[in-house]
$ cat my_file_25.cif   # mmCIF, C-alpha atoms
data_my_file
loop_
_atom_site.label_atom_id
_atom_site.label_comp_id
_atom_site.auth_asym_id
_atom_site.auth_seq_id
_atom_site.Cartn_x
_atom_site.Cartn_y
_atom_site.Cartn_z
CA MET A 161 0.00 0.00 0.00
CA LYS A 162 2.78 2.35 1.03
CA LYS A 163 4.67 1.46 -2.13
CA LEU A 164 1.60 2.16 -4.22
CA LEU A 165 1.11 5.48 -2.48
CA SER A 166 4.68 6.60 -3.05
CA PHE A 167 4.47 5.48 -6.67
CA GLY A 168 1.30 7.50 -7.02
CA LEU A 169 3.02 10.49 -5.50
CA PHE A 170 5.94 10.03 -7.87
CA MET A 171 3.60 9.90 -10.86
CA LEU A 172 1.77 12.97 -9.66
CA THR A 173 5.03 14.88 -9.28
CA ALA A 174 6.11 13.75 -12.73
CA LEU A 175 2.79 14.86 -14.15
CA VAL A 176 3.00 18.26 -12.51
CA PHE A 177 6.54 18.76 -13.81
CA THR A 178 5.58 17.70 -17.32
CA ALA A 179 2.54 19.95 -17.28
CA PHE A 180 4.51 23.00 -16.22
CA ARG A 181 7.61 22.34 -18.28
CA PRO A 182 6.54 24.50 -21.23
CA LEU A 183 6.20 27.48 -18.94
CA ILE A 184 9.83 27.29 -17.89
CA GLY A 185 12.46 28.14 -20.50
CA THR A 186 10.57 27.62 -23.74
CA GLY A 187 12.26 27.04 -27.05
CA TYR A 188 15.80 26.63 -28.25
CA GLY A 189 18.81 28.64 -27.27
CA ILE A 190 22.17 28.92 -29.02
CA GLY A 191 23.94 25.54 -28.94
CA ASP A 192 20.77 23.47 -28.57
CA THR A 193 20.03 20.73 -31.07
CA ALA A 194 16.85 21.49 -32.97
CA ALA A 195 14.48 18.61 -33.56
CA ASP A 196 13.68 17.67 -37.14
CA PHE A 197 10.06 17.79 -38.26
CA LYS A 198 7.78 16.61 -41.01
CA LEU A 199 5.51 19.30 -42.45
CA THR A 200 3.46 19.75 -45.59
CA ASN A 201 4.82 22.02 -48.31
CA VAL A 202 2.62 24.25 -50.48
CA ASP A 203 2.86 21.60 -53.23
CA GLY A 204 1.27 19.03 -50.93
CA THR A 205 4.41 16.97 -50.35
CA GLN A 206 5.85 16.19 -46.91
CA HIS A 207 9.29 17.53 -46.02
CA SER A 208 11.84 17.26 -43.24
CA LEU A 209 15.26 18.86 -42.77
CA ALA A 210 16.90 15.45 -43.18
CA GLY A 211 15.37 15.22 -46.67
CA ILE A 212 17.35 18.21 -47.97
CA GLN A 213 20.21 16.76 -49.99
CA GLY A 214 23.74 18.01 -49.42
CA ALA A 215 22.74 20.37 -46.61
CA LYS A 216 25.56 22.06 -44.71
CA GLY A 217 22.95 23.75 -42.58
CA TYR A 218 19.52 25.30 -42.67
CA ILE A 219 17.97 28.76 -42.57
CA VAL A 220 14.66 28.09 -40.82
CA VAL A 221 12.38 31.12 -41.11
CA PHE A 222 9.08 31.34 -39.28
CA THR A 223 7.11 33.65 -41.51
CA CYS A 224 3.66 34.10 -43.01
CA ASN A 225 1.59 35.87 -45.65
CA ALA A 226 -0.28 38.52 -43.72
CA CYS A 227 2.26 40.17 -41.41
CA PRO A 228 3.64 43.45 -42.86
CA TYR A 229 7.08 42.66 -41.42
CA ALA A 230 7.05 39.25 -43.11
CA GLN A 231 5.94 40.96 -46.32
CA ALA A 232 8.73 43.52 -46.00
CA TYR A 233 11.24 40.67 -45.79
CA GLU A 234 9.71 38.42 -48.45
CA ASP A 235 12.06 39.45 -51.26
CA ARG A 236 15.04 39.30 -48.94
CA ILE A 237 14.09 35.75 -47.89
CA ILE A 238 13.92 34.76 -51.56
CA GLU A 239 17.36 36.31 -52.13
CA LEU A 240 18.78 34.48 -49.11
CA HIS A 241 17.69 31.16 -50.59
CA LYS A 242 19.00 32.01 -54.06
CA LYS A 243 22.36 32.98 -52.63
CA TYR A 244 22.83 30.26 -50.03
CA ALA A 245 20.95 27.16 -51.24
CA PRO A 246 23.68 26.44 -53.82
CA LEU A 247 26.20 26.71 -50.95
CA GLY A 248 24.32 24.18 -48.82
CA PHE A 249 22.11 26.47 -46.72
CA SER A 250 18.53 26.31 -47.94
CA VAL A 251 15.78 28.51 -46.62
CA VAL A 252 13.00 26.50 -45.01
CA ALA A 253 10.03 28.82 -44.47
CA ILE A 254 7.39 27.76 -41.98
CA ASN A 255 4.01 29.42 -41.43
CA PRO A 256 2.90 28.74 -37.84
CA ASN A 257 -0.20 30.95 -37.75
CA ASP A 258 -3.66 29.64 -36.96
CA LYS A 259 -5.98 30.21 -39.92
CA ASN A 260 -8.96 30.89 -37.67
CA VAL A 261 -7.14 33.76 -35.98
CA GLN A 262 -5.50 35.01 -39.21
CA PRO A 263 -7.48 33.83 -42.27
CA GLY A 264 -4.83 35.40 -44.53
CA ASP A 265 -2.41 32.70 -43.39
CA SER A 266 -4.45 29.64 -44.35
CA PHE A 267 -2.83 26.81 -46.33
CA ASP A 268 -4.71 27.89 -49.46
CA LYS A 269 -3.46 31.47 -49.06
CA MET A 270 0.07 30.11 -48.58
CA LYS A 271 -0.22 28.25 -51.89
CA GLU A 272 -1.43 31.42 -53.64
CA ARG A 273 1.40 33.52 -52.25
CA ALA A 274 4.10 30.95 -53.00
CA LYS A 275 2.83 30.67 -56.58
CA ALA A 276 2.50 34.42 -57.14
CA LYS A 277 6.03 35.10 -55.88
CA GLN A 278 7.46 31.81 -57.21
CA TYR A 279 9.01 30.87 -53.88
CA PRO A 280 12.18 28.92 -54.64
CA PHE A 281 12.19 27.46 -51.11
CA LEU A 282 9.97 25.13 -49.12
CA TYR A 283 7.01 26.94 -47.59
CA LEU A 284 5.70 24.59 -44.94
CA TYR A 285 2.51 24.69 -42.92
CA ASP A 286 2.92 24.14 -39.17
CA GLU A 287 -0.76 23.44 -38.67
CA THR A 288 -0.43 22.03 -35.13
CA GLN A 289 2.01 24.85 -34.22
CA GLU A 290 4.21 22.19 -32.59
CA VAL A 291 7.34 23.16 -34.52
CA ALA A 292 7.03 26.85 -33.65
CA LYS A 293 6.47 25.92 -30.01
CA ASN A 294 9.48 23.57 -29.97
CA TYR A 295 11.70 26.22 -31.49
CA GLY A 296 10.34 28.94 -29.23
CA ALA A 297 9.36 31.19 -32.13
CA THR A 298 7.24 34.15 -31.04
CA ARG A 299 6.96 36.36 -34.06
CA THR A 300 7.16 36.54 -37.84
CA PRO A 301 9.70 36.72 -39.27
CA HIS A 302 11.83 34.82 -36.72
CA VAL A 303 14.97 33.09 -38.02
CA TYR A 304 16.94 30.09 -36.73
CA VAL A 305 20.21 29.27 -38.48
CA LEU A 306 21.20 25.65 -37.88
CA ASP A 307 24.40 23.84 -38.82
CA ALA A 308 24.48 20.41 -40.48
CA ALA A 309 24.02 18.70 -37.10
CA ARG A 310 20.95 20.92 -36.48
CA THR A 311 22.77 22.80 -33.74
CA VAL A 312 21.23 26.25 -33.33
CA ARG A 313 23.90 28.81 -34.27
CA TYR A 314 21.90 32.00 -34.74
CA ILE A 315 18.45 33.21 -33.62
CA GLY A 316 16.78 36.47 -34.55
CA ALA A 317 16.23 39.00 -37.29
CA ILE A 318 17.30 38.80 -40.92
CA ASP A 319 19.03 42.19 -40.82
CA ASP A 320 18.92 45.48 -38.94
CA ASN A 321 16.37 47.39 -41.04
CA SER A 322 13.00 45.85 -41.81
CA GLU A 323 11.46 48.89 -43.48
CA ASP A 324 14.22 49.86 -45.85
CA PRO A 325 16.49 47.23 -47.45
CA SER A 326 18.79 49.98 -48.74
CA GLY A 327 19.28 51.21 -45.16
CA VAL A 328 20.59 47.87 -43.89
CA THR A 329 23.99 48.12 -42.23
CA GLU A 330 24.22 44.62 -40.77
CA LYS A 331 23.00 41.44 -42.46
CA TYR A 332 22.72 39.20 -39.42
CA VAL A 333 21.66 35.98 -41.17
CA GLU A 334 24.14 36.34 -44.04
CA ASN A 335 26.95 37.04 -41.58
CA ALA A 336 25.98 33.97 -39.54
CA VAL A 337 25.85 31.68 -42.59
CA ASP A 338 29.09 33.12 -44.00
CA ALA A 339 30.79 32.39 -40.70
CA LEU A 340 29.52 28.81 -40.66
CA LEU A 341 30.60 28.28 -44.27
CA ALA A 342 34.06 29.56 -43.33
CA GLY A 343 34.17 27.26 -40.30
CA LYS A 344 34.20 30.25 -37.97
CA GLU A 345 32.25 31.20 -34.87
CA VAL A 346 29.11 33.26 -35.50
CA ALA A 347 29.86 36.75 -34.13
CA THR A 348 26.33 38.02 -33.52
CA LYS A 349 24.41 35.01 -32.25
CA GLU A 350 21.13 36.58 -31.19
CA THR A 351 19.18 39.66 -32.22
CA LYS A 352 15.70 40.95 -31.64
CA ALA A 353 13.23 42.64 -33.96
CA ILE A 354 9.71 43.91 -33.88
CA GLY A 355 7.45 41.39 -35.51
CA CYS A 356 3.88 40.18 -35.59
CA SER A 357 3.09 37.87 -32.73
CA ILE A 358 2.47 34.31 -33.86
CA LYS A 359 -1.28 33.79 -34.03
CA TRP A 360 -1.70 30.91 -31.60
CA ARG A 361 -4.77 28.76 -31.78
CA LYS A 362 -7.41 29.81 -29.27
CA SER A 363 -8.06 26.87 -26.98
CA MET B 101 -9.67 86.82 -47.09
CA LEU B 102 -11.24 88.04 -43.89
CA ARG B 103 -13.82 85.33 -44.18
CA LEU B 104 -11.08 82.75 -44.55
CA LEU B 105 -9.34 84.05 -41.44
CA LEU B 106 -12.56 83.88 -39.49
CA LEU B 107 -13.15 80.37 -40.71
CA LEU B 108 -9.63 79.38 -39.64
CA LEU B 109 -10.19 80.91 -36.22
CA LEU B 110 -13.42 78.99 -35.86
CA VAL B 111 -11.96 75.70 -37.04
CA SER B 112 -8.59 75.79 -35.31
CA PRO B 113 -9.74 75.04 -31.75
CA PHE B 114 -11.33 71.83 -33.03
CA ALA B 115 -8.37 70.97 -35.19
CA SER B 116 -6.02 71.30 -32.26
CA THR B 117 -7.93 68.69 -30.22
CA ALA B 118 -6.46 65.98 -32.43
CA GLN B 119 -3.10 65.15 -30.90
CA ASP B 120 0.06 65.31 -32.89
CA ILE B 121 2.31 62.30 -32.82
CA VAL B 122 5.69 62.97 -31.28
CA PHE B 123 8.69 61.23 -32.82
CA VAL B 124 11.01 59.75 -30.21
CA LYS B 125 14.39 58.03 -30.16
CA ALA B 126 15.37 54.98 -28.15
CA ASP B 127 16.92 57.02 -25.32
CA GLU B 128 13.37 58.08 -24.43
CA ILE B 129 12.72 54.57 -23.07
CA ALA B 130 14.96 55.12 -20.04
CA ARG B 131 13.04 58.32 -19.24
CA TRP B 132 9.69 56.55 -19.60
CA LYS B 133 10.87 53.96 -17.13
CA ALA B 134 11.79 56.63 -14.60
CA PRO B 135 8.67 58.74 -14.02
CA ALA B 136 8.75 61.33 -11.25
CA GLY B 137 7.23 60.59 -7.85
CA ASP B 138 4.81 57.67 -7.63
CA THR B 139 3.52 57.99 -11.19
CA VAL B 140 2.57 54.72 -12.84
CA ARG B 141 3.49 54.50 -16.50
CA VAL B 142 1.76 52.07 -18.83
CA ILE B 143 3.84 51.77 -21.99
CA ASN B 144 2.26 49.85 -24.82
CA PHE B 145 3.94 48.89 -28.11
CA TRP B 146 1.56 48.61 -31.03
CA ALA B 147 1.03 49.12 -34.75
CA THR B 148 -2.00 49.99 -36.87
CA TRP B 149 -1.76 46.72 -38.81
CA CYS B 150 -1.48 44.56 -35.68
CA GLN B 151 -4.94 43.11 -35.01
CA PRO B 152 -4.46 42.13 -31.35
CA CYS B 153 -2.91 45.57 -30.73
CA VAL B 154 -5.88 47.39 -32.22
CA ALA B 155 -8.23 45.10 -30.32
CA GLU B 156 -6.68 46.02 -26.96
CA LEU B 157 -6.41 49.79 -27.59
CA PRO B 158 -9.83 50.53 -26.03
CA ALA B 159 -8.61 48.99 -22.76
CA PHE B 160 -5.68 51.44 -22.66
CA GLU B 161 -7.99 54.30 -23.59
CA LYS B 162 -10.27 53.32 -20.73
CA ILE B 163 -7.32 53.43 -18.31
CA THR B 164 -6.51 56.94 -19.54
CA ALA B 165 -10.12 58.01 -19.03
CA GLU B 166 -10.77 56.24 -15.72
CA TYR B 167 -7.54 57.34 -14.10
CA ALA B 168 -7.64 60.97 -15.25
CA GLY B 169 -6.44 63.17 -12.39
CA ARG B 170 -4.49 60.30 -10.84
CA PRO B 171 -0.77 59.63 -11.30
CA VAL B 172 -1.26 57.18 -14.17
CA GLN B 173 0.09 57.81 -17.68
CA VAL B 174 -0.47 55.69 -20.74
CA ILE B 175 2.03 55.97 -23.61
CA LEU B 176 1.15 54.23 -26.87
CA VAL B 177 4.40 53.62 -28.74
CA CYS B 178 3.69 53.14 -32.43
CA THR B 179 6.02 50.79 -34.33
CA ASP B 180 4.53 51.13 -37.81
CA PHE B 181 6.86 51.76 -40.71
CA LYS B 182 7.96 55.39 -40.86
CA ARG B 183 6.63 55.82 -44.39
CA ASP B 184 3.13 55.00 -43.07
CA VAL B 185 2.99 57.66 -40.33
CA ASP B 186 1.21 60.28 -42.47
CA THR B 187 -0.83 57.89 -44.55
CA ARG B 188 -1.91 55.37 -41.91
CA VAL B 189 -0.96 56.25 -38.35
CA ARG B 190 -2.15 59.87 -38.18
CA PRO B 191 -5.52 59.09 -39.83
CA PHE B 192 -5.91 56.09 -37.49
CA VAL B 193 -5.20 58.13 -34.35
CA GLN B 194 -7.67 60.75 -35.56
CA LYS B 195 -10.39 58.29 -36.51
CA LYS B 196 -10.12 56.43 -33.20
CA LYS B 197 -9.90 59.76 -31.35
CA LEU B 198 -7.12 58.37 -29.17
CA ARG B 199 -6.70 60.31 -25.94
CA SER B 200 -3.68 58.47 -24.58
CA GLN B 201 -0.36 59.92 -25.66
CA VAL B 202 0.78 58.43 -28.97
CA VAL B 203 4.47 58.53 -29.88
CA PHE B 204 6.33 57.12 -32.86
CA MET B 205 9.50 55.13 -32.29
CA ASP B 206 11.79 56.71 -34.86
CA GLU B 207 14.49 54.04 -34.92
CA SER B 208 15.35 51.73 -37.81
CA ASN B 209 17.00 48.94 -35.79
CA PRO B 210 14.81 47.49 -33.00
CA ASN B 211 17.65 45.21 -31.89
CA LYS B 212 19.20 48.33 -30.37
CA TRP B 213 16.28 49.15 -28.08
CA ILE B 214 14.04 46.11 -27.45
CA ASP B 215 16.14 44.91 -24.51
CA SER B 216 16.01 48.35 -22.91
CA VAL B 217 12.23 48.02 -22.70
CA SER B 218 12.57 44.56 -21.18
CA PRO B 219 15.02 41.68 -21.62
CA GLU B 220 11.90 39.46 -21.48
CA TRP B 221 10.58 40.95 -24.72
CA SER B 222 11.18 38.93 -27.91
CA GLY B 223 9.99 41.79 -30.11
CA ALA B 224 6.50 40.46 -30.86
CA ILE B 225 3.69 42.96 -30.51
CA PRO B 226 1.49 43.75 -28.69
CA ALA B 227 3.76 44.22 -25.69
CA THR B 228 3.19 46.28 -22.56
CA LEU B 229 5.41 47.49 -19.75
CA ILE B 230 3.95 48.84 -16.50
CA VAL B 231 6.41 50.71 -14.30
CA CYS B 232 6.37 52.57 -11.03
CA PRO B 233 9.97 52.80 -9.78
CA ALA B 234 8.90 54.41 -6.50
CA LYS B 235 7.00 51.24 -5.65
CA GLY B 236 9.53 48.90 -7.25
CA VAL B 237 6.99 47.88 -9.90
CA GLU B 238 8.15 46.66 -13.31
CA ARG B 239 5.76 44.29 -15.06
CA PHE B 240 6.15 43.16 -18.64
CA PHE B 241 3.57 41.45 -20.87
CA GLU B 242 4.12 40.05 -24.36
CA GLN B 243 0.46 39.42 -25.04
CA GLN B 244 -2.88 41.07 -25.68
CA LEU B 245 -4.32 42.55 -22.46
CA ASP B 246 -7.88 43.24 -21.44
CA TYR B 247 -9.13 46.13 -19.31
CA GLU B 248 -9.59 44.06 -16.16
CA THR B 249 -6.01 42.79 -16.23
CA LEU B 250 -4.71 46.29 -16.89
CA ARG B 251 -6.84 47.78 -14.13
CA LYS B 252 -5.61 45.21 -11.60
CA GLU B 253 -1.99 45.87 -12.58
CA VAL B 254 -2.45 49.64 -12.33
CA GLU B 255 -4.21 49.30 -8.97
CA ALA B 256 -1.41 47.08 -7.66
CA ALA B 257 1.17 49.63 -8.79
CA LEU B 258 -0.75 52.51 -7.19
CA ARG B 259 -1.04 50.77 -3.82
#

$ encode --input "my_file_25.cif" --output "structure tokens"
Amino acid sequence: MKKLLSFGLFMLTALVFTAFRPLIGTGYGIGDTAADFKLTNVDGTQHSLAGIQGAKGYIVVFTCNACPYAQAYEDRIIELHKKYAPLGFSVVAINPNDKNVQPGDSFDKMKERAKAKQYPFLYLYDETQEVAKNYGATRTPHVYVLDAARTVRYIGAIDDNSEDPSGVTEKYVENAVDALLAGKEVATKETKAIGCSIKWRKS
Amino acid sequence: MLRLLLLLLLVSPFASTAQDIVFVKADEIARWKAPAGDTVRVINFWATWCQPCVAELPAFEKITAEYAGRPVQVILVCTDFKRDVDTRVRPFVQKKKLRSQVVFMDESNPNKWIDSVSPEWSGAIPATLIVCPAKGVERFFEQQLDYETLRKEVEAALR
């Protein structure tokens, strides 16, 4: 009986800790290993990071259709992929927004946008929002640069001027990827930017 | 000509009721966080295109109205693009008849100032900081707030 009671207590403690875990220290930090995922691309096919051939790393961008900041960076995200995919760093764009909260970010709207702008990269739908939660993404756009082993090497903004591409003085993501390609330490590992909050599903 | 002048004189008092948006730089944040005496400052970061921000604006306006005459100040810090200030922000502030003070954060690189608002802030909006240094109050929220939550926070800071 006593054994059963202590086991019960143990289970209860475990349950409480599991339940509250997401509240403490959410998401990845620099040096953490990011989990792979399997998400649906705008063409209907399933994709994971492991499926990208010859990858030396990944530029994971949480972004969406509707957010003006994401829109401001759209062309720059396309350019990032065009420049770095041939060097082994593909852009993997993920839309984490709930379509009921932001109808402009539905899967159908994603398809339309990807087609209209001829996205050269994967544009994946994180319908359950699990990937965004695992990563600790809070806004769009929110970038995670990973190395080949999926170690998180940079988290933050694409560059230091969202409104005006010609006013950019520091290209954070490019600098991070250049450093990784050169086998060097990333100098600026984390930055912050104003962005649209991820539209979490209302429970 | 005289008629025009008269018209201007008649119109101007009404025109001046619409507030003008003050452009601020990042060094203003430190001053916001250090109000004189036991003043409570409620500093909200928003944008016209941000739905949850627009949805919570009435709650901040209600704080401004309900706590008029008390040491409570609401500052609505606009983070729209600078090119949209005349075309979107000013018309929005006018249409909504915002009474709380609206300022525009005239900085191109948020990475330079987000941490000075709060290290807890990722940069997602809406975000709100409630400070009252005299009472040791500094509360940060990266979420949409409702009036009741705001009122409780302001009351706690005033106590």

$ closest_atom_pairs --input "my_file_25.cif" --of "chain A" --to "chain B" --cutoff "10 Å" --atoms "all atoms listed in the file" --output "CSV"
residue,atom,partner,partner_atom,distance
A:Ala226,CA,B:Trp149,CA,9.7
A:Cys227,CA,B:Trp149,CA,8.1
A:Pro228,CA,B:Trp149,CA,7.5
A:Tyr229,CA,B:Phe181,CA,9.1
A:Ala232,CA,B:Phe181,CA,10.0
A:Val261,CA,B:Gln151,CA,9.7
A:Gln262,CA,B:Gln151,CA,9.1
A:Ala297,CA,B:Ser222,CA,9.0
A:Thr298,CA,B:Ala224,CA,6.4
A:Arg299,CA,B:Ala224,CA,5.2
A:Thr300,CA,B:Ala224,CA,8.0
A:Pro301,CA,B:Ala224,CA,9.7
A:His302,CA,B:Ala224,CA,9.7
A:Gly316,CA,B:Ser222,CA,9.0
A:Ala317,CA,B:Asn211,CA,8.4
A:Asp319,CA,B:Asn209,CA,8.7
A:Asp320,CA,B:Asn209,CA,5.1
A:Asn321,CA,B:Ser208,CA,5.5
A:Ser322,CA,B:Ser208,CA,7.5
A:Glu323,CA,B:Phe181,CA,6.1
A:Asp324,CA,B:Ser208,CA,8.3
A:Gly327,CA,B:Ser208,CA,8.4
A:Val328,CA,B:Ser208,CA,8.9
A:Thr329,CA,B:Asn209,CA,9.5
A:Glu330,CA,B:Asn209,CA,9.8
A:Glu350,CA,B:Asn211,CA,9.3
A:Thr351,CA,B:Asn211,CA,5.8
A:Lys352,CA,B:Asn211,CA,4.7
A:Ala353,CA,B:Gly223,CA,5.1
A:Ile354,CA,B:Gly223,CA,4.3
A:Gly355,CA,B:Ala224,CA,4.8
A:Cys356,CA,B:Ala224,CA,5.4
A:Ser357,CA,B:Ala224,CA,4.7
A:Ile358,CA,B:Ala224,CA,7.9
A:Lys359,CA,B:Pro152,CA,9.3

$ resolve_selection --input "my_file_25.cif" --expression "the PyMOL selection byres ((chain A and resi 247) around 12)" --output "count of residues only"
23

$ atom_distance --input "my_file_25.cif" --atom1 "CA of Pro233 in chain B" --atom2 "CA of Ala134 in chain B"
6.4 Å

$ atom_distance --input "my_file_25.cif" --atom1 "CA of Ala126 in chain B" --atom2 "CA of Val193 in chain B"
21.7 Å

$ resolve_selection --input "my_file_25.cif" --expression "the PyMOL selection byres ((chain B and resi 174) around 10)" --output "PyMOL selection string"
chain B and resi 140-144+160-161+163-164+167+172-173+175-177+199-202+230

$ atom_distance --input "my_file_25.cif" --atom1 "CA of Gly191 in chain A" --atom2 "CA of Val333 in chain A"
16.2 Å

$ decode --input "my_file_25.cif" --residues "range 206-228 of chain B" --atoms "N, CA and C atoms" --output "PDB file, in the first residue's frame"
ATOM      1  N   ASP B 206      11.064  56.357 -33.650  1.00  0.00           N
ATOM      2  CA  ASP B 206      11.788  56.711 -34.859  1.00  0.00           C
ATOM      3  C   ASP B 206      13.182  56.099 -34.861  1.00  0.00           C
ATOM      4  N   GLU B 207      13.217  54.777 -34.899  1.00  0.00           N
ATOM      5  CA  GLU B 207      14.486  54.042 -34.918  1.00  0.00           C
ATOM      6  C   GLU B 207      14.370  52.959 -35.982  1.00  0.00           C
ATOM      7  N   SER B 208      15.438  52.730 -36.741  1.00  0.00           N
ATOM      8  CA  SER B 208      15.354  51.731 -37.806  1.00  0.00           C
ATOM      9  C   SER B 208      15.755  50.336 -37.330  1.00  0.00           C
ATOM     10  N   ASN B 209      16.519  50.248 -36.241  1.00  0.00           N
ATOM     11  CA  ASN B 209      16.996  48.941 -35.793  1.00  0.00           C
ATOM     12  C   ASN B 209      16.484  48.596 -34.386  1.00  0.00           C
ATOM     13  N   PRO B 210      15.409  47.817 -34.305  1.00  0.00           N
ATOM     14  CA  PRO B 210      14.814  47.495 -33.005  1.00  0.00           C
ATOM     15  C   PRO B 210      15.748  46.700 -32.097  1.00  0.00           C
ATOM     16  N   ASN B 211      16.716  45.995 -32.701  1.00  0.00           N
ATOM     17  CA  ASN B 211      17.652  45.211 -31.891  1.00  0.00           C
ATOM     18  C   ASN B 211      18.406  46.094 -30.902  1.00  0.00           C
ATOM     19  N   LYS B 212      18.477  47.398 -31.230  1.00  0.00           N
ATOM     20  CA  LYS B 212      19.199  48.334 -30.365  1.00  0.00           C
ATOM     21  C   LYS B 212      18.393  48.730 -29.128  1.00  0.00           C
ATOM     22  N   TRP B 213      17.049  48.607 -29.201  1.00  0.00           N
ATOM     23  CA  TRP B 213      16.277  49.147 -28.084  1.00  0.00           C
ATOM     24  C   TRP B 213      15.291  48.184 -27.413  1.00  0.00           C
ATOM     25  N   ILE B 214      15.025  47.041 -28.031  1.00  0.00           N
ATOM     26  CA  ILE B 214      14.039  46.111 -27.453  1.00  0.00           C
ATOM     27  C   ILE B 214      14.418  45.688 -26.038  1.00  0.00           C
ATOM     28  N   ASP B 215      15.699  45.332 -25.844  1.00  0.00           N
ATOM     29  CA  ASP B 215      16.141  44.908 -24.508  1.00  0.00           C
ATOM     30  C   ASP B 215      16.013  46.009 -23.455  1.00  0.00           C
ATOM     31  N   SER B 216      16.102  47.268 -23.899  1.00  0.00           N
ATOM     32  CA  SER B 216      16.014  48.353 -22.911  1.00  0.00           C
ATOM     33  C   SER B 216      14.573  48.540 -22.427  1.00  0.00           C
ATOM     34  N   VAL B 217      13.615  48.056 -23.193  1.00  0.00           N
ATOM     35  CA  VAL B 217      12.230  48.023 -22.699  1.00  0.00           C
ATOM     36  C   VAL B 217      12.133  46.901 -21.672  1.00  0.00           C
ATOM     37  N   SER B 218      12.507  45.700 -22.083  1.00  0.00           N
ATOM     38  CA  SER B 218      12.570  44.557 -21.177  1.00  0.00           C
ATOM     39  C   SER B 218      13.363  43.430 -21.819  1.00  0.00           C
ATOM     40  N   PRO B 219      14.292  42.830 -21.076  1.00  0.00           N
ATOM     41  CA  PRO B 219      15.022  41.681 -21.618  1.00  0.00           C
ATOM     42  C   PRO B 219      14.073  40.503 -21.899  1.00  0.00           C
ATOM     43  N   GLU B 220      12.880  40.535 -21.266  1.00  0.00           N
ATOM     44  CA  GLU B 220      11.902  39.462 -21.481  1.00  0.00           C
ATOM     45  C   GLU B 220      11.220  39.556 -22.841  1.00  0.00           C
ATOM     46  N   TRP B 221      11.329  40.712 -23.485  1.00  0.00           N
ATOM     47  CA  TRP B 221      10.584  40.947 -24.718  1.00  0.00           C
ATOM     48  C   TRP B 221      11.312  40.359 -25.920  1.00  0.00           C
ATOM     49  N   SER B 222      10.592  39.513 -26.697  1.00  0.00           N
ATOM     50  CA  SER B 222      11.185  38.932 -27.907  1.00  0.00           C
ATOM     51  C   SER B 222      11.102  39.887 -29.089  1.00  0.00           C
ATOM     52  N   GLY B 223      10.179  40.864 -28.997  1.00  0.00           N
ATOM     53  CA  GLY B 223       9.989  41.792 -30.106  1.00  0.00           C
ATOM     54  C   GLY B 223       8.601  41.672 -30.725  1.00  0.00           C
ATOM     55  N   ALA B 224       7.860  40.624 -30.345  1.00  0.00           N
ATOM     56  CA  ALA B 224       6.505  40.460 -30.861  1.00  0.00           C
ATOM     57  C   ALA B 224       5.596  41.507 -30.239  1.00  0.00           C
ATOM     58  N   ILE B 225       4.672  42.019 -31.050  1.00  0.00           N
ATOM     59  CA  ILE B 225       3.688  42.959 -30.511  1.00  0.00           C
ATOM     60  C   ILE B 225       2.300  42.328 -30.606  1.00  0.00           C
ATOM     61  N   PRO B 226       1.360  42.693 -29.693  1.00  0.00           N
ATOM     62  CA  PRO B 226       1.491  43.748 -28.691  1.00  0.00           C
ATOM     63  C   PRO B 226       2.375  43.346 -27.494  1.00  0.00           C
ATOM     64  N   ALA B 227       2.975  44.399 -26.906  1.00  0.00           N
ATOM     65  CA  ALA B 227       3.760  44.224 -25.690  1.00  0.00           C
ATOM     66  C   ALA B 227       3.508  45.436 -24.795  1.00  0.00           C
ATOM     67  N   THR B 228       3.485  45.193 -23.501  1.00  0.00           N
ATOM     68  CA  THR B 228       3.185  46.282 -22.562  1.00  0.00           C
ATOM     69  C   THR B 228       4.086  46.208 -21.339  1.00  0.00           C
TER      70      THR B 228
END
